[in-house]
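Down below is the structure, laid out as structure tokens.
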Amino acid sequence: MQSYTRVLVAIDLKDSSLHVALRGQNLARASGAELHLLHVVEYIPVDPMGDNMLPPTQLIDELVGAARLRLTGIAAQLGESPSICSVEIDGVKAGIIRTAREKHCDLIVLGAHERHGLSIFVNFTEDAVLHAAPCDVLAVRVGAGEAGKR
């Protein structure tokens with residue numbers, strides 16, 4: 001089996017993010033691979049006629065800044081340099097796939113959230129990434145009782 005050389009960990013910045021990042025870091029270390037952490041900010045405009053709306057560029061800058069701060073905090077918890085972190089503005093699925101291609105990654109690691117009720121019919125990020133990825137994809141199960149395991 002060929003080992004991985006570049007591992008991209010796509011993080012949604014939810015409570016389970018550290019668990020997913022740890023899995024990616026462990027795989028990268030075991031393979032001697034480069035580790036990259038990614039968060040994609042998906043900008044969805046709100047009512048443009050609303051009174052309390054921030055200008056789009058200011059809102060995006062705030063979202064990106066907050067995501068970058070949170071992502072570098074996760075890198076620090078892993079003992080990694082902030083230089084492995086990137087925050088992109090795009091559709092989540094498209095941003096992950098584009099970044100994996102640009103960085104020539106051979107593994108994408110992301111969280112797979114539990115589905116209940118009607119949500120089983122919705123095309124979740126992990127499904128879309130799996131079918132469009134230019135490389136292997138590891139979906140780390142996260143949910144009740146899973147996020148705390150290491």
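Within each chain, counting starts at residue 1; across the structure tokens, chains are named A, B, ... in the order shown, with ligands numbered 1 upward in that order.
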
| So which residues touch Ala10 of chain A within 12 Å, counting only C-alpha atoms, skipping near sequence neighbours fewer than 5 positions away, as a ChimeraX atom specification? | /A:16-25,35-41,71,84-88,92-100,105,107-112,125-126,129,137-140

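Minimum distance to Gln2 of chain A across A:Ala30, A:Ala128, A:Leu69, A:Leu59 (counting only C-alpha atoms) occurs at A:Ala30.
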
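Going from atom CA of Ile74 of chain A over to atom CA of Ala133 of chain A, you cover 24.3 Å.
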
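Atom CA of Pro82 of chain A lies 14.2 Å from atom CA of Ala66 of chain A.
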
| query | Could you pull out the alpha helix (DSSP H) residues of segment 6-97 of chain A from DSSP and send them as a PyMOL selection string? | reply | chain A and resi 17-31+56-78+92-97

Keeping only N, CA and C atoms, take the residues you just selected and write them out as a CSV table (one decimal), in the first residue's frame.
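Ended up saving to again.csv:
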```
chain,number,residue,atom,x,y,z
A,17,SER,N,-14.6,19.2,15.7
A,17,SER,CA,-13.5,19.6,14.8
A,17,SER,C,-12.1,19.1,15.3
A,18,LEU,N,-11.9,19.1,16.6
A,18,LEU,CA,-10.6,18.7,17.1
A,18,LEU,C,-10.5,17.2,16.9
A,19,HIS,N,-11.5,16.4,17.1
A,19,HIS,CA,-11.5,15.0,16.9
A,19,HIS,C,-11.2,14.6,15.5
A,20,VAL,N,-11.8,15.3,14.5
A,20,VAL,CA,-11.5,15.1,13.1
A,20,VAL,C,-10.1,15.5,12.8
A,21,ALA,N,-9.6,16.6,13.3
A,21,ALA,CA,-8.2,17.1,13.0
A,21,ALA,C,-7.2,16.1,13.6
A,22,LEU,N,-7.5,15.6,14.8
A,22,LEU,CA,-6.6,14.6,15.4
A,22,LEU,C,-6.5,13.3,14.5
A,23,ARG,N,-7.6,12.9,14.0
A,23,ARG,CA,-7.5,11.7,13.1
A,23,ARG,C,-6.7,12.0,11.8
A,24,GLY,N,-6.9,13.2,11.3
A,24,GLY,CA,-6.1,13.6,10.1
A,24,GLY,C,-4.6,13.7,10.4
A,25,GLN,N,-4.3,14.3,11.6
A,25,GLN,CA,-2.9,14.5,12.0
A,25,GLN,C,-2.3,13.1,12.2
A,26,ASN,N,-3.0,12.2,12.9
A,26,ASN,CA,-2.4,10.8,13.1
A,26,ASN,C,-2.1,10.1,11.8
A,27,LEU,N,-3.0,10.2,10.8
A,27,LEU,CA,-2.8,9.6,9.5
A,27,LEU,C,-1.6,10.3,8.8
A,28,ALA,N,-1.5,11.6,8.9
A,28,ALA,CA,-0.4,12.3,8.2
A,28,ALA,C,0.9,11.9,8.9
A,29,ARG,N,1.0,11.8,10.2
A,29,ARG,CA,2.2,11.5,10.9
A,29,ARG,C,2.6,10.0,10.5
A,30,ALA,N,1.6,9.1,10.5
A,30,ALA,CA,1.9,7.7,10.2
A,30,ALA,C,2.5,7.5,8.8
A,31,SER,N,2.1,8.4,7.9
A,31,SER,CA,2.5,8.3,6.5
A,31,SER,C,3.7,9.2,6.2
A,56,PRO,N,-21.5,43.5,2.6
A,56,PRO,CA,-21.1,42.1,2.3
A,56,PRO,C,-19.6,41.9,2.6
A,57,THR,N,-18.7,42.9,2.2
A,57,THR,CA,-17.3,42.7,2.4
A,57,THR,C,-16.9,42.7,3.8
A,58,GLN,N,-17.6,43.6,4.6
A,58,GLN,CA,-17.3,43.6,6.0
A,58,GLN,C,-17.8,42.3,6.7
A,59,LEU,N,-18.9,41.8,6.3
A,59,LEU,CA,-19.4,40.6,6.9
A,59,LEU,C,-18.5,39.4,6.6
A,60,ILE,N,-18.1,39.3,5.3
A,60,ILE,CA,-17.2,38.2,4.9
A,60,ILE,C,-15.9,38.3,5.7
A,61,ASP,N,-15.3,39.5,5.8
A,61,ASP,CA,-14.1,39.7,6.5
A,61,ASP,C,-14.2,39.3,7.9
A,62,GLU,N,-15.3,39.5,8.6
A,62,GLU,CA,-15.5,39.1,9.9
A,62,GLU,C,-15.7,37.6,10.0
A,63,LEU,N,-16.4,37.0,9.1
A,63,LEU,CA,-16.5,35.5,9.1
A,63,LEU,C,-15.2,34.9,8.9
A,64,VAL,N,-14.4,35.3,7.9
A,64,VAL,CA,-13.1,34.8,7.7
A,64,VAL,C,-12.2,35.0,8.8
A,65,GLY,N,-12.2,36.1,9.4
A,65,GLY,CA,-11.3,36.4,10.6
A,65,GLY,C,-11.6,35.5,11.8
A,66,ALA,N,-12.9,35.3,12.1
A,66,ALA,CA,-13.3,34.5,13.1
A,66,ALA,C,-12.9,33.0,12.8
A,67,ALA,N,-13.1,32.6,11.6
A,67,ALA,CA,-12.8,31.2,11.2
A,67,ALA,C,-11.3,31.0,11.3
A,68,ARG,N,-10.5,31.9,10.9
A,68,ARG,CA,-9.0,31.8,10.9
A,68,ARG,C,-8.6,31.7,12.3
A,69,LEU,N,-9.1,32.5,13.2
A,69,LEU,CA,-8.8,32.5,14.6
A,69,LEU,C,-9.1,31.1,15.2
A,70,ARG,N,-10.3,30.6,14.9
A,70,ARG,CA,-10.7,29.3,15.5
A,70,ARG,C,-9.8,28.2,14.9
A,71,LEU,N,-9.5,28.2,13.6
A,71,LEU,CA,-8.7,27.2,12.9
A,71,LEU,C,-7.3,27.2,13.4
A,72,THR,N,-6.7,28.3,13.6
A,72,THR,CA,-5.3,28.4,14.2
A,72,THR,C,-5.3,27.9,15.6
A,73,GLY,N,-6.4,28.1,16.3
A,73,GLY,CA,-6.5,27.6,17.7
A,73,GLY,C,-6.5,26.1,17.7
A,74,ILE,N,-7.2,25.5,16.7
A,74,ILE,CA,-7.2,24.0,16.6
A,74,ILE,C,-5.8,23.5,16.2
A,75,ALA,N,-5.1,24.2,15.3
A,75,ALA,CA,-3.7,23.8,15.0
A,75,ALA,C,-2.8,23.9,16.2
A,76,ALA,N,-3.0,24.9,17.0
A,76,ALA,CA,-2.2,25.1,18.2
A,76,ALA,C,-2.5,23.9,19.2
A,77,GLN,N,-3.7,23.5,19.3
A,77,GLN,CA,-4.0,22.3,20.2
A,77,GLN,C,-3.4,21.1,19.7
A,78,LEU,N,-3.2,21.0,18.4
A,78,LEU,CA,-2.5,19.8,17.8
A,78,LEU,C,-1.0,20.0,17.9
A,92,VAL,N,-19.0,25.0,0.2
A,92,VAL,CA,-18.2,24.1,1.0
A,92,VAL,C,-17.6,23.0,0.2
A,93,LYS,N,-18.5,22.3,-0.5
A,93,LYS,CA,-18.1,21.2,-1.3
A,93,LYS,C,-17.0,21.6,-2.4
A,94,ALA,N,-17.4,22.6,-3.1
A,94,ALA,CA,-16.4,23.1,-4.2
A,94,ALA,C,-15.1,23.6,-3.6
A,95,GLY,N,-15.1,24.2,-2.4
A,95,GLY,CA,-13.9,24.7,-1.8
A,95,GLY,C,-13.0,23.6,-1.4
A,96,ILE,N,-13.6,22.5,-0.8
A,96,ILE,CA,-12.8,21.4,-0.4
A,96,ILE,C,-12.1,20.7,-1.6
A,97,ILE,N,-12.9,20.5,-2.6
A,97,ILE,CA,-12.4,19.8,-3.8
A,97,ILE,C,-11.3,20.7,-4.5
```

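The shortest atom-to-atom distance to Glu42 of chain A, with only C-alpha atoms taken into account, belongs to A:Ile89 out of A:Val142, A:Ile89, A:Val7, A:Ala132.
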
| request: Counting only C-alpha atoms, figure out which residue out of A:Asp106, A:Asp12, A:Glu80, A:Asp90 gets nearest to Tyr43 of chain A. | output: A:Asp90

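Proximity of A:Pro134, A:Gly79, A:Gly143, A:Gly91 to Lys14 of chain A, computed with only C-alpha atoms, is greatest for A:Gly143.
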